[in-house]
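To be precise, the following lines are target-v7.csv, and they hold CSV, C-alpha atoms.
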chain,number,residue,atom,x,y,z
A,848,MET,CA,-2.5,1.9,31.2
A,849,ALA,CA,-4.4,5.1,30.4
A,850,THR,CA,-1.0,6.8,29.7
A,851,LEU,CA,0.0,4.0,27.3
A,852,GLN,CA,-3.2,4.4,25.4
A,853,LYS,CA,-2.8,8.1,25.3
A,854,SER,CA,0.7,7.6,23.8
A,855,ILE,CA,-0.6,5.2,21.2
A,856,ASP,CA,-3.4,7.6,20.3
A,857,LYS,CA,-0.9,10.4,19.8
A,858,ARG,CA,1.3,8.3,17.6
A,859,ASN,CA,-1.7,7.2,15.6
A,860,ALA,CA,-2.9,10.8,15.2
A,861,LEU,CA,0.6,11.7,13.9
A,862,ILE,CA,0.5,8.8,11.4
A,863,LYS,CA,-3.0,9.8,10.2
A,864,ALA,CA,-2.1,13.5,9.9
A,865,THR,CA,1.0,12.5,7.9
A,866,ILE,CA,-1.0,10.4,5.5
A,867,ASP,CA,-3.6,13.2,5.1
A,868,LEU,CA,-1.1,16.0,4.6
A,869,VAL,CA,1.2,14.0,2.2
A,870,ASN,CA,-1.8,13.0,0.2
A,871,ASN,CA,-3.1,16.5,-0.1
A,872,ASN,CA,0.1,18.6,-0.2
A,873,GLY,CA,2.9,16.2,-1.1
A,874,PHE,CA,5.9,15.3,0.9
A,875,HIS,CA,7.9,18.5,0.6
A,876,ALA,CA,4.9,20.8,1.4
A,877,THR,CA,4.1,18.8,4.6
A,878,ALA,CA,5.8,20.6,7.4
A,879,MET,CA,6.3,19.1,10.9
A,880,ASN,CA,4.3,21.9,12.5
A,881,LYS,CA,1.4,21.2,10.2
A,882,ILE,CA,1.5,17.5,11.1
A,883,ALA,CA,1.5,18.4,14.8
A,884,LYS,CA,-1.3,20.9,14.4
A,885,MET,CA,-3.5,18.4,12.5
A,886,ALA,CA,-2.7,15.7,15.1
A,887,ASN,CA,-3.5,18.1,17.9
A,888,VAL,CA,-0.2,17.8,19.6
A,889,SER,CA,2.8,20.1,20.2
A,890,PRO,CA,5.5,20.0,17.5
A,891,ALA,CA,8.0,18.7,20.2
A,892,THR,CA,5.7,15.7,20.7
A,893,ILE,CA,6.6,14.4,17.3
A,894,TYR,CA,10.2,13.9,18.4
A,895,LEU,CA,9.1,11.6,21.2
A,896,TYR,CA,8.0,9.1,18.5
A,897,PHE,CA,10.1,9.9,15.5
A,898,GLU,CA,13.7,11.1,14.9
A,899,ASN,CA,12.7,13.5,12.1
A,900,LYS,CA,10.3,14.0,9.2
A,901,GLN,CA,12.0,11.2,7.1
A,902,ASP,CA,11.7,8.8,10.0
A,903,LEU,CA,8.0,9.7,10.4
A,904,VAL,CA,7.2,9.2,6.7
A,905,ASN,CA,9.3,5.9,6.6
A,906,GLN,CA,7.5,4.5,9.6
A,907,THR,CA,4.1,5.6,8.3
A,908,TYR,CA,4.9,3.9,5.0
A,909,ILE,CA,5.9,0.6,6.8
A,910,GLU,CA,2.8,0.7,9.0
A,911,VAL,CA,0.5,1.3,6.0
A,912,LYS,CA,2.3,-1.3,4.0
A,913,ALA,CA,1.7,-3.8,6.8
A,914,LYS,CA,-2.1,-2.9,6.9
A,915,TYR,CA,-2.1,-3.4,3.1
A,916,SER,CA,-0.6,-6.8,3.2
A,917,ASP,CA,-2.7,-7.9,6.2
A,918,TYR,CA,-5.7,-7.0,4.1
A,919,ALA,CA,-4.4,-8.5,0.9
A,920,PHE,CA,-3.5,-11.9,2.3
A,921,LYS,CA,-6.4,-12.4,4.6
A,922,ASN,CA,-7.8,-15.9,4.1
A,923,TYR,CA,-5.2,-16.6,1.4
A,924,THR,CA,-3.8,-20.2,1.5
A,925,GLU,CA,-0.9,-21.7,-0.5
A,926,LYS,CA,-3.2,-24.6,-1.2
A,927,LEU,CA,-5.0,-22.6,-3.9
A,928,SER,CA,-3.9,-23.0,-7.5
A,929,VAL,CA,-1.6,-20.3,-8.8
A,930,GLU,CA,-4.5,-18.6,-10.8
A,931,ASP,CA,-7.0,-18.9,-7.9
A,932,GLY,CA,-4.4,-17.7,-5.4
A,933,PHE,CA,-3.5,-14.7,-7.6
A,934,LYS,CA,-7.2,-13.9,-8.1
A,935,HIS,CA,-7.8,-14.0,-4.4
A,936,ILE,CA,-4.8,-11.7,-3.6
A,937,TRP,CA,-5.6,-9.4,-6.6
A,938,LYS,CA,-9.2,-8.9,-5.6
A,939,ARG,CA,-8.2,-8.2,-2.0
A,940,ILE,CA,-5.7,-5.6,-3.2
A,941,ALA,CA,-8.4,-4.1,-5.4
A,942,ASP,CA,-10.8,-3.9,-2.4
A,943,PHE,CA,-8.1,-2.3,-0.3
A,944,LYS,CA,-7.3,0.3,-2.9
A,945,LEU,CA,-11.0,1.2,-3.2
A,946,ILE,CA,-12.1,0.9,0.4
A,947,GLU,CA,-8.9,2.3,2.1
A,948,CYS,CA,-8.4,5.0,-0.5
A,949,GLU,CA,-6.3,7.3,1.7
A,950,ASN,CA,-3.9,4.6,2.7
A,951,ALA,CA,-3.7,3.3,-0.9
A,952,PHE,CA,-3.1,6.7,-2.3
A,953,PHE,CA,-0.3,7.3,0.3
A,954,LEU,CA,1.4,4.0,-0.7
A,955,ALA,CA,1.1,4.9,-4.4
A,956,GLN,CA,2.8,8.2,-3.8
A,957,CYS,CA,5.5,6.6,-1.8
A,958,ASP,CA,6.0,3.8,-4.4
A,959,ASN,CA,6.2,6.3,-7.2
A,960,THR,CA,8.5,8.9,-5.7
A,961,PRO,CA,11.9,8.8,-3.9
A,962,ILE,CA,10.5,10.0,-0.5
A,963,ILE,CA,10.9,6.6,1.1
A,964,ASP,CA,14.5,5.5,1.9
A,965,GLU,CA,15.7,2.3,0.5
A,966,GLU,CA,15.8,0.4,3.8
A,967,SER,CA,12.1,1.2,4.4
A,968,ARG,CA,11.3,0.3,0.8
A,969,GLN,CA,12.9,-3.1,1.3
A,970,GLU,CA,11.0,-3.6,4.5
A,971,GLY,CA,7.8,-2.8,2.6
A,972,ILE,CA,8.6,-5.4,0.0
A,973,LYS,CA,8.9,-8.1,2.7
A,974,HIS,CA,5.2,-7.5,3.4
A,975,LEU,CA,4.5,-8.8,-0.1
A,976,GLN,CA,6.2,-12.1,0.4
A,977,PRO,CA,3.1,-14.4,-0.1
A,978,LEU,CA,2.5,-12.8,-3.5
A,979,LEU,CA,6.2,-13.1,-4.4
A,980,ASP,CA,6.2,-16.8,-3.3
A,981,LEU,CA,3.0,-17.4,-5.4
A,982,TRP,CA,4.7,-15.9,-8.4
A,983,ALA,CA,7.9,-18.0,-7.8
A,984,ARG,CA,5.7,-21.2,-7.7
A,985,GLY,CA,3.9,-20.0,-10.8
A,986,LYS,CA,7.2,-19.5,-12.6
A,987,LYS,CA,8.5,-22.9,-11.5
A,988,GLU,CA,5.2,-24.6,-12.7
A,989,GLY,CA,5.4,-22.6,-16.0
A,990,ILE,CA,2.1,-20.8,-15.3
A,991,ILE,CA,3.5,-17.4,-14.8
A,992,LYS,CA,5.9,-15.7,-17.2
A,993,PRO,CA,9.5,-15.9,-16.1
A,994,PHE,CA,9.7,-12.1,-15.7
A,995,SER,CA,11.1,-10.0,-12.8
A,996,ASP,CA,8.7,-9.6,-9.9
A,997,TYR,CA,8.9,-5.8,-10.5
A,998,ILE,CA,7.6,-6.3,-14.1
A,999,LEU,CA,4.9,-8.7,-12.9
A,1000,TYR,CA,3.8,-6.1,-10.2
A,1001,ALA,CA,4.0,-3.2,-12.7
A,1002,TYR,CA,1.6,-5.0,-15.1
A,1003,SER,CA,-0.7,-6.8,-12.8
A,1004,ILE,CA,-1.0,-4.7,-9.6
A,1005,ASN,CA,0.0,-1.1,-10.4
A,1006,PRO,CA,-2.9,-0.6,-12.9
A,1007,LEU,CA,-5.2,-0.8,-9.8
A,1008,SER,CA,-3.6,2.5,-8.6
A,1009,PHE,CA,-4.6,4.2,-11.9
A,1010,LEU,CA,-8.2,2.9,-11.6
A,1011,MET,CA,-8.3,4.0,-8.0
A,1012,MET,CA,-7.3,7.5,-9.0
A,1013,ALA,CA,-9.8,7.6,-11.8
A,1014,GLN,CA,-12.5,6.6,-9.3
A,1015,LYS,CA,-11.3,9.1,-6.8
A,1016,ARG,CA,-11.4,11.9,-9.4
A,1017,GLU,CA,-14.9,10.6,-10.3
A,1018,THR,CA,-13.9,10.2,-14.0
A,1019,PHE,CA,-14.6,6.5,-13.9
A,1020,LYS,CA,-16.9,4.4,-11.8
A,1021,LEU,CA,-15.7,0.8,-11.2
A,1022,ASN,CA,-18.5,-1.7,-11.2
A,1023,ASN,CA,-18.3,-5.5,-10.9
A,1024,GLU,CA,-18.0,-6.0,-14.7
A,1025,HIS,CA,-15.0,-3.5,-14.8
A,1026,MET,CA,-13.4,-5.3,-11.9
A,1027,GLU,CA,-13.6,-8.7,-13.7
A,1028,GLU,CA,-12.2,-7.1,-16.9
A,1029,ALA,CA,-9.4,-5.6,-14.9
A,1030,PHE,CA,-8.6,-8.9,-13.3
A,1031,GLN,CA,-8.6,-10.7,-16.6
A,1032,ALA,CA,-6.3,-8.0,-18.0
A,1033,ALA,CA,-3.9,-8.4,-15.0
A,1034,TRP,CA,-4.0,-12.2,-15.2
A,1035,ASN,CA,-3.4,-12.2,-19.0
A,1036,SER,CA,-0.5,-9.9,-18.6
A,1037,ILE,CA,1.4,-12.3,-16.4
A,1038,LYS,CA,0.2,-15.8,-17.3
A,1039,ASN,CA,2.3,-17.9,-19.6
Please go through the file and, once you have read it, give me the structure as structure tokens.
Amino acid sequence: MATLQKSIDKRNALIKATIDLVNNNGFHATAMNKIAKMANVSPATIYLYFENKQDLVNQTYIEVKAKYSDYAFKNYTEKLSVEDGFKHIWKRIADFKLIECENAFFLAQCDNTPIIDEESRQEGIKHLQPLLDLWARGKKEGIIKPFSDYILYAYSINPLSFLMMAQKRETFKLNNEHMEEAFQAAWNSIKN
């Protein structure tokens, strides 16, 4: 049992080191030996868990995306109205982006660059299914604009990444009033 936990700890250390290094140096400047050094393991250890750098980044992306969706959809129920359901999910996503900054920044980088392969990207999209289902219901009921889910996401969720970066750079401090304004802008951008 101790060996299994040690193995899990090493893999988690590699994932964390990957997030930290990609966030600070970018994908291409993140060498496997730097990841190993930061994770406090030998470079050969990486290959016990991952095929190569691309596999490591893809698996890190999928794991972080799973954490993101677990957080976003906690306590969400399909019984909520479309607006209340969207507000619940949106606020949870906003909280994640502000509380889990490193994970959120990693996802933003992955979502806005071609570093993730298409198979992993599609796996990541599956984690957003409750939101996509909510939008489908909203479109069917005429509450949500009949736009592509990509457009709905771009206008209602992606602006949170911009606000997160502004707060991270300390150029803008989000308070409750700003969050309510941001939600209203997101809702207004997708409601019919």
Given all atoms listed in the file as the counted atoms, nearest of A:Ile946, A:Ile940, A:Pro1006, A:Val929 to A:Ala983 |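 Under the stated criterion, the closest residue is A:Val929.
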Write out as a ChimeraX atom specification which residues come within 12 Å of A:Lys973 when counting only C-alpha atoms, dropping same-chain ones fewer than 3 positions away.
-> /A:909,912-913,915-916,966-970,976-980
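Residue neighbourhood of A:Lys914, excluding near-sequence residues (fewer than 5 positions): Tyr908, Ile909, Ala919, Phe943, Glu947, Asn950 and His974 of chain A, at 10 Å, using only C-alpha atoms.
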Of the listed residues A:His875, A:Lys1015, A:Lys1020, A:Lys992, that which approaches A:Ile1037 most closely, counting all atoms listed in the file = A:Lys992
Can you pull out every residue within 7 Å of stretch 863-871 of chain A, counting only C-alpha atoms, but drop anything in the same chain fewer than 6 positions away, and send it as a list in words?
->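 So the residues in contact are Thr877, Ile882, Met885, Ala886, Phe952 and Phe953 of chain A.
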Do a neighbour search on A:Lys921 at 10 Å with only C-alpha atoms, toss out local chain neighbours closer than 4 positions, and write the hits as a list in words.
->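 Once the nearby chain positions are removed, what remains is Ser916, Asp917, His935, Ile936 and Arg939 of chain A.
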Under the rule of at most 10 Å, produce a per-residue listing of stretch 902-988 of chain A near stretch 1030-1034 of chain A: chain, number, name, the closest pair of atoms, and the distance in Å, as a Markdown table, using only C-alpha atoms.
| residue | atom | partner | partner_atom | distance |
| --- | --- | --- | --- | --- |
| A:Glu930 | CA | A:Trp1034 | CA | 7.8 |
| A:Phe933 | CA | A:Trp1034 | CA | 8.0 |
| A:Lys934 | CA | A:Phe1030 | CA | 7.3 |
| A:Trp937 | CA | A:Phe1030 | CA | 7.4 |
| A:Lys938 | CA | A:Phe1030 | CA | 7.7 |
| A:Ala941 | CA | A:Phe1030 | CA | 9.2 |
Name the residues within 12 Å of (7.1, 16.7, 15.8), counting all atoms listed in the file in the file's coordinates, and put them as a PyMOL selection string.
-> chain A and resi 857-858+860-862+864-865+877-904
Please determine the residues with any atom at most 8 Å from (-10.0, 1.9, -7.5) (coordinates as given in the file, with all atoms listed in the file counting) and report them as a PyMOL selection string.
-> chain A and resi 941-942+944-945+948+1007-1015+1021
Just write the chosen residues, C-alpha atoms, as a compact mmCIF listing (two decimals), in the frame of the given file.
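Saved result, again.txt, follows:
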# COMPACT_ATOMS: atom_id res chain seq x y z
CA ALA A 941 -8.40 -4.10 -5.40
CA ASP A 942 -10.80 -3.90 -2.40
CA LYS A 944 -7.30 0.30 -2.90
CA LEU A 945 -11.00 1.20 -3.20
CA CYS A 948 -8.40 5.00 -0.50
CA LEU A 1007 -5.20 -0.80 -9.80
CA SER A 1008 -3.60 2.50 -8.60
CA PHE A 1009 -4.60 4.20 -11.90
CA LEU A 1010 -8.20 2.90 -11.60
CA MET A 1011 -8.30 4.00 -8.00
CA MET A 1012 -7.30 7.50 -9.00
CA ALA A 1013 -9.80 7.60 -11.80
CA GLN A 1014 -12.50 6.60 -9.30
CA LYS A 1015 -11.30 9.10 -6.80
CA LEU A 1021 -15.70 0.80 -11.20
